[in-house]
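Trainee: Have a peek at entry34.cif (mmCIF, C-alpha atoms).
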data_coords
#
loop_
_atom_site.group_PDB
_atom_site.id
_atom_site.type_symbol
_atom_site.label_atom_id
_atom_site.label_comp_id
_atom_site.auth_asym_id
_atom_site.auth_seq_id
_atom_site.Cartn_x
_atom_site.Cartn_y
_atom_site.Cartn_z
ATOM 1 C CA MET A 219 -38.774 -139.164 72.571
ATOM 2 C CA VAL A 220 -41.568 -141.532 71.639
ATOM 3 C CA VAL A 221 -41.785 -142.547 68.004
ATOM 4 C CA LEU A 222 -44.740 -144.487 66.716
ATOM 5 C CA GLU A 223 -43.948 -147.930 65.379
ATOM 6 C CA ASN A 224 -45.529 -147.280 61.980
ATOM 7 C CA THR A 225 -44.044 -143.834 61.390
ATOM 8 C CA PRO A 226 -42.063 -143.953 58.142
ATOM 9 C CA PRO A 227 -38.584 -142.447 58.012
ATOM 10 C CA ALA A 228 -38.573 -138.852 56.799
ATOM 11 C CA ILE A 229 -36.056 -139.644 54.064
ATOM 12 C CA LEU A 230 -38.493 -142.105 52.458
ATOM 13 C CA VAL A 231 -41.322 -139.578 52.569
ATOM 14 C CA LEU A 232 -39.000 -136.979 51.044
ATOM 15 C CA ALA A 233 -37.945 -139.449 48.327
ATOM 16 C CA ILE A 234 -41.606 -140.166 47.493
ATOM 17 C CA GLY A 235 -42.304 -136.429 47.220
ATOM 18 C CA VAL A 236 -39.273 -135.830 44.999
ATOM 19 C CA LEU A 237 -40.178 -138.756 42.713
ATOM 20 C CA PHE A 238 -43.757 -137.550 42.317
ATOM 21 C CA ALA A 239 -42.814 -133.892 41.812
ATOM 22 C CA THR A 240 -40.131 -134.683 39.246
ATOM 23 C CA GLY A 241 -42.436 -137.154 37.482
ATOM 24 C CA VAL A 242 -45.269 -134.635 37.198
ATOM 25 C CA TYR A 243 -42.850 -131.983 35.945
ATOM 26 C CA LEU A 244 -41.591 -134.337 33.235
ATOM 27 C CA LEU A 245 -45.142 -135.359 32.282
ATOM 28 C CA LEU A 246 -45.916 -131.744 31.415
ATOM 29 C CA GLU A 247 -43.087 -131.549 28.858
ATOM 30 C CA ARG A 248 -43.570 -131.937 25.097
ATOM 31 C CA PRO A 249 -41.015 -134.629 24.109
ATOM 32 C CA LEU A 250 -42.333 -138.149 24.609
ATOM 33 C CA THR A 251 -39.040 -139.366 26.076
ATOM 34 C CA ARG A 252 -39.474 -136.927 28.958
ATOM 35 C CA VAL A 253 -43.087 -138.024 29.342
ATOM 36 C CA LEU A 254 -41.807 -141.606 29.461
ATOM 37 C CA LEU A 255 -39.298 -140.727 32.185
ATOM 38 C CA GLY A 256 -42.104 -138.972 34.084
ATOM 39 C CA PHE A 257 -44.233 -142.128 33.993
ATOM 40 C CA VAL A 258 -41.316 -144.206 35.230
ATOM 41 C CA LEU A 259 -40.553 -141.800 38.103
ATOM 42 C CA ILE A 260 -44.203 -141.653 39.185
ATOM 43 C CA GLY A 261 -44.387 -145.461 38.997
ATOM 44 C CA ASN A 262 -41.338 -145.762 41.243
ATOM 45 C CA GLY A 263 -42.827 -143.186 43.607
ATOM 46 C CA VAL A 264 -46.025 -145.245 43.812
ATOM 47 C CA ASN A 265 -44.036 -148.416 44.520
ATOM 48 C CA LEU A 266 -42.085 -146.729 47.304
ATOM 49 C CA MET A 267 -45.258 -145.200 48.735
ATOM 50 C CA LEU A 268 -47.003 -148.589 48.808
ATOM 51 C CA LEU A 269 -44.028 -150.181 50.562
ATOM 52 C CA VAL A 270 -43.914 -147.398 53.145
ATOM 53 C CA MET A 271 -47.670 -147.721 53.714
ATOM 54 C CA GLY A 272 -47.216 -151.440 54.368
ATOM 55 C CA GLY A 273 -45.437 -150.688 57.632
ATOM 56 C CA ARG A 274 -42.213 -152.040 59.035
ATOM 57 C CA SER A 275 -40.664 -155.129 57.544
ATOM 58 C CA GLY A 276 -41.067 -158.459 59.246
ATOM 59 C CA ALA A 277 -41.123 -162.146 58.509
ATOM 60 C CA SER A 278 -42.414 -163.498 55.224
ATOM 61 C CA PRO A 279 -46.218 -163.376 55.071
ATOM 62 C CA ILE A 280 -46.769 -167.130 55.217
ATOM 63 C CA ILE A 281 -48.666 -168.449 58.223
ATOM 64 C CA GLY A 282 -46.526 -170.769 60.295
ATOM 65 C CA ASN A 283 -43.275 -169.575 58.749
ATOM 66 C CA ALA A 284 -42.475 -166.908 61.357
ATOM 67 C CA PRO A 285 -41.257 -167.682 64.869
ATOM 68 C CA ASP A 286 -43.563 -166.802 67.751
ATOM 69 C CA GLY A 287 -43.624 -163.092 68.585
ATOM 70 C CA VAL A 288 -42.213 -161.932 65.223
ATOM 71 C CA ARG A 289 -44.510 -159.742 63.135
ATOM 72 C CA MET A 290 -45.246 -160.688 59.545
ATOM 73 C CA SER A 291 -44.959 -158.238 56.666
ATOM 74 C CA ASP A 292 -48.160 -156.911 55.139
ATOM 75 C CA PRO A 293 -48.837 -159.052 52.039
ATOM 76 C CA LEU A 294 -51.329 -156.557 50.578
ATOM 77 C CA ALA A 295 -48.658 -153.903 50.095
ATOM 78 C CA GLN A 296 -46.394 -156.427 48.359
ATOM 79 C CA ALA A 297 -49.194 -157.539 46.035
ATOM 80 C CA MET A 298 -50.059 -153.938 45.178
ATOM 81 C CA VAL A 299 -46.412 -153.155 44.417
ATOM 82 C CA LEU A 300 -46.282 -156.109 42.015
ATOM 83 C CA THR A 301 -49.450 -154.864 40.332
ATOM 84 C CA SER A 302 -48.007 -151.360 40.119
ATOM 85 C CA ILE A 303 -44.840 -152.719 38.514
ATOM 86 C CA VAL A 304 -46.872 -154.495 35.835
ATOM 87 C CA ILE A 305 -48.993 -151.405 35.113
ATOM 88 C CA THR A 306 -45.921 -149.166 34.919
ATOM 89 C CA LEU A 307 -44.191 -151.613 32.580
ATOM 90 C CA ALA A 308 -47.226 -151.726 30.267
ATOM 91 C CA LEU A 309 -47.544 -147.936 30.231
ATOM 92 C CA THR A 310 -43.818 -147.565 29.613
ATOM 93 C CA ALA A 311 -43.980 -149.973 26.661
ATOM 94 C CA PHE A 312 -46.937 -148.067 25.191
ATOM 95 C CA VAL A 313 -45.311 -144.624 25.476
ATOM 96 C CA LEU A 314 -42.011 -146.019 24.195
ATOM 97 C CA ALA A 315 -43.809 -147.420 21.129
ATOM 98 C CA MET A 316 -45.477 -144.036 20.542
ATOM 99 C CA ALA A 317 -42.142 -142.230 20.839
ATOM 100 C CA TYR A 318 -40.482 -144.671 18.428
ATOM 101 C CA ARG A 319 -43.291 -144.306 15.893
ATOM 102 C CA SER A 320 -43.143 -140.518 16.191
ATOM 103 C CA TRP A 321 -39.391 -140.676 15.624
ATOM 104 C CA GLN A 322 -39.907 -142.804 12.509
ATOM 105 C CA LEU A 323 -42.534 -140.485 11.034
ATOM 106 C CA HIS A 324 -41.222 -137.044 11.991
ATOM 107 C CA GLY A 325 -37.574 -137.438 13.006
ATOM 108 C CA HIS A 326 -38.347 -136.227 16.548
ATOM 109 C CA ASP A 327 -40.585 -137.245 19.402
ATOM 110 C CA GLU A 328 -42.056 -133.862 20.281
ATOM 111 C CA VAL A 329 -45.832 -133.671 20.458
ATOM 112 C CA ALA A 330 -47.061 -130.898 18.169
ATOM 113 C CA ASP A 331 -50.049 -128.632 18.678
ATOM 114 C CA ASP A 332 -53.277 -129.793 17.120
ATOM 115 C CA VAL A 333 -54.282 -127.422 14.315
ATOM 116 C CA GLU A 334 -57.998 -127.995 14.911
ATOM 117 C CA ASP A 335 -57.650 -127.212 18.625
ATOM 118 C CA ARG A 336 -55.939 -123.933 17.816
ATOM 119 C CA ARG A 337 -58.702 -123.015 15.328
ATOM 120 C CA VAL A 338 -61.463 -123.765 17.834
ATOM 121 C CA ALA A 339 -59.653 -121.792 20.546
ATOM 122 C CA ARG A 340 -59.213 -118.822 18.199
ATOM 123 C CA HIS A 341 -62.923 -118.820 17.303
ATOM 124 C CA ALA A 342 -63.910 -119.207 20.951
ATOM 125 C CA ALA A 343 -61.766 -116.209 21.861
ATOM 126 C CA LEU A 344 -63.537 -114.163 19.210
ATOM 127 C CA ASN A 345 -66.920 -115.562 20.344
ATOM 128 C CA ALA A 346 -67.638 -116.412 16.748
ATOM 129 C CA PRO A 347 -69.177 -119.628 15.485
ATOM 130 C CA ALA A 348 -66.652 -122.149 14.200
ATOM 131 C CA PHE A 349 -68.886 -122.929 11.214
ATOM 132 C CA GLU A 350 -71.380 -121.234 8.955
ATOM 133 C CA ASP A 351 -75.047 -121.657 9.883
ATOM 134 C CA ALA A 352 -76.699 -122.505 6.566
ATOM 135 C CA ASP A 353 -80.296 -122.050 7.755
ATOM 136 C CA ASP A 354 -79.708 -118.774 9.591
ATOM 137 C CA THR A 355 -82.422 -116.232 8.756
ATOM 138 C CA GLU A 356 -81.059 -113.506 11.029
ATOM 139 C CA PRO A 357 -77.301 -113.196 10.436
ATOM 140 C CA ASP A 358 -76.770 -110.639 13.221
ATOM 141 C CA ARG A 359 -77.804 -113.118 15.982
ATOM 142 C CA THR A 360 -75.314 -115.565 17.461
ATOM 143 C CA LEU A 361 -76.103 -119.231 17.997
ATOM 144 C CA ASP A 362 -76.105 -118.694 21.770
ATOM 145 C CA GLU A 363 -78.784 -116.001 21.483
ATOM 146 C CA GLU A 364 -80.847 -118.136 19.125
ATOM 147 C CA ALA A 365 -80.594 -121.188 21.407
ATOM 148 C CA ALA A 366 -81.582 -119.138 24.462
ATOM 149 C CA ASP A 367 -84.592 -117.772 22.596
ATOM 150 C CA VAL A 368 -85.752 -121.155 21.302
ATOM 151 C CA TYR A 369 -85.134 -123.311 24.374
ATOM 152 C CA ASP A 370 -85.649 -121.177 27.485
ATOM 153 C CA ASP A 371 -86.656 -123.420 30.396
ATOM 154 C CA VAL A 372 -87.522 -120.515 32.700
ATOM 155 C CA ASP A 373 -89.597 -118.198 30.508
ATOM 156 C CA ASP A 374 -93.244 -119.265 30.132
ATOM 157 C CA SER A 375 -94.421 -116.517 27.818
ATOM 158 C CA ASP A 376 -96.521 -118.836 25.656
ATOM 159 C CA GLY A 377 -98.819 -119.552 28.628
ATOM 160 C CA ASP A 378 -99.179 -123.318 28.240
ATOM 161 C CA GLY A 379 -97.695 -124.006 31.696
ATOM 162 C CA ASP A 380 -94.992 -126.435 30.582
ATOM 163 C CA GLY A 381 -92.152 -123.972 31.188
ATOM 164 C CA HIS A 382 -90.948 -124.050 27.554
ATOM 165 C CA ARG A 383 -91.313 -121.256 25.098
ATOM 166 C CA ALA A 384 -92.592 -121.953 21.678
ATOM 167 C CA PRO A 385 -89.899 -121.945 18.989
ATOM 168 C CA HIS A 386 -89.035 -118.564 17.524
ATOM 169 C CA GLY A 387 -91.736 -117.442 15.099
ATOM 170 C CA ALA A 388 -94.256 -120.102 16.213
ATOM 171 C CA ALA A 389 -95.766 -118.443 19.300
ATOM 172 C CA GLY A 390 -99.407 -119.070 18.456
ATOM 173 C CA HIS A 391 -99.055 -122.494 16.862
ATOM 174 C CA LYS A 392 -99.687 -125.412 19.186
ATOM 175 C CA GLU A 393 -100.033 -129.039 18.279
ATOM 176 C CA ARG A 394 -103.415 -130.518 19.161
ATOM 177 C CA PRO A 395 -103.848 -134.231 19.815
#
Go ahead and render the structure in this file as structure tokens.
Mentor:
Amino acid sequence: MVVLENTPPAILVLAIGVLFATGVYLLLERPLTRVLLGFVLIGNGVNLMLLVMGGRSGASPIIGNAPDGVRMSDPLAQAMVLTSIVITLALTAFVLAMAYRSWQLHGHDEVADDVEDRRVARHAALNAPAFEDADDTEPDRTLDEEAADVYDDVDDSDGDGDGHRAPHGAAGHKERP
């Protein structure tokens, strides 16, 4: 059986998959502590993935330090892992601060639904405007119908050749230079 030199062990690939899957699952939860654990697991999965992508281990990546015939480790993978560690630490500190502040204010760290988002979603489901149109002269027309009538790029019923209809109620009025 011939195995390529750069083929990673299956257990490492499985560990990367488990870390990412568990991290994404925890990111989709409501409590910020679970979101924090999800960030940490995904960060560790990224670190492991970068190390596996760097290939097999070897001598330290300093020219002249390795004996002849011994491969050096890939220094790019090591530098990217260090960068990933710093980014994960900063993100962890930020989410931890948010969770602590939420605990101080509300006594729990669960992210609540936004009331405004629920109102907009309810109005969108009803296909009703989320506000009152103060200058509406025809109350039975929706804003979508009015916008399509005023700004139709395809219809050229006013005959001026520019591809825009005249605003509603102003069909015969054109500005002259």
Trainee: Pick the closest to A:Gly256 from A:Leu244, A:Ala277, A:Ile303, A:Ala228: which is it, counting all atoms listed in the file?
Mentor: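 Comparing A:Leu244, A:Ala277, A:Ile303, A:Ala228 against A:Gly256, the winner is A:Leu244.
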Trainee: Of the candidates A:Glu356, A:Glu363, A:Asp286, A:Glu247, which shows the shortest atom-to-atom distance to A:Asp327, using only C-alpha atoms?
Mentor: A:Glu247
Trainee: Please determine, counting only C-alpha atoms, which residue among A:Leu259, A:Leu230, A:Ala315, A:Val329 has the shortest atom-to-atom distance to A:Met271.
Mentor: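 Selected residue with least distance to A:Met271: A:Leu230.
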Trainee: Centre and edge lengths of an axis-aligned box around all listed atoms of stretch 260-271 of chain A, with 3 Å added on each side, are to be given in Å to one decimal, as lines of an AutoDock Vina configuration file.
Mentor:
center_x = -44.5
center_y = -145.9
center_z = 46.4
size_x = 12.3
size_y = 14.5
size_z = 20.7
Trainee: Within 10 Å of (-44.6, -156.2, 64.4) (coordinates as in the file), grab all the protein and nucleic acid residues, counting all atoms listed in the file, and write them out as a PyMOL selection string.
Mentor: chain A and resi 223-224+273-277+287-292
Trainee: Let me make sure I understand: among A:Ile280, A:Val304, A:Val313, A:Leu266, which one has the smallest atom-to-atom distance to A:Leu245 if we use all atoms listed in the file?
Mentor: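 The closest residue to A:Leu245 is A:Val313.
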Trainee: Could you give me, as a CSV table (one decimal) with C-alpha atoms, in the frame of the given file, the residues that have an atom at most 8 Å away from the point (-41.0, -143.0, 27.6) in the coordinates of the file, using only C-alpha atoms?
Mentor:
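Output below, filename selection_13.csv:
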chain,number,residue,atom,x,y,z
A,250,LEU,CA,-42.3,-138.1,24.6
A,251,THR,CA,-39.0,-139.4,26.1
A,252,ARG,CA,-39.5,-136.9,29.0
A,253,VAL,CA,-43.1,-138.0,29.3
A,254,LEU,CA,-41.8,-141.6,29.5
A,255,LEU,CA,-39.3,-140.7,32.2
A,256,GLY,CA,-42.1,-139.0,34.1
A,257,PHE,CA,-44.2,-142.1,34.0
A,258,VAL,CA,-41.3,-144.2,35.2
A,310,THR,CA,-43.8,-147.6,29.6
A,311,ALA,CA,-44.0,-150.0,26.7
A,313,VAL,CA,-45.3,-144.6,25.5
A,314,LEU,CA,-42.0,-146.0,24.2
A,317,ALA,CA,-42.1,-142.2,20.8
Trainee: Which is closer to A:Leu307 than all the others in A:Gly282, A:Glu334, A:Val270, A:Ile260, using all atoms listed in the file?
Mentor: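 Checking each of A:Gly282, A:Glu334, A:Val270, A:Ile260 against A:Leu307, counting all atoms listed in the file, the winner is A:Ile260.
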Trainee: Can you tell me, as a PyMOL selection string, what residues are no more than 9 Å from A:Val264 when counting all atoms listed in the file, ignoring any on the same chain fewer than 5 positions away?
Mentor: chain A and resi 234+237-238+259+269+299+302
Trainee: Could you write those residues out with C-alpha atoms, as a PDB file, in the coordinates of the input?
Mentor:
ATOM      1  CA  ILE A 234     -41.606-140.166  47.493  1.00  0.00           C
ATOM      2  CA  LEU A 237     -40.178-138.756  42.713  1.00  0.00           C
ATOM      3  CA  PHE A 238     -43.757-137.550  42.317  1.00  0.00           C
ATOM      4  CA  LEU A 259     -40.553-141.800  38.103  1.00  0.00           C
ATOM      5  CA  LEU A 269     -44.028-150.181  50.562  1.00  0.00           C
ATOM      6  CA  VAL A 299     -46.412-153.155  44.417  1.00  0.00           C
ATOM      7  CA  SER A 302     -48.007-151.360  40.119  1.00  0.00           C
TER       8      SER A 302
END
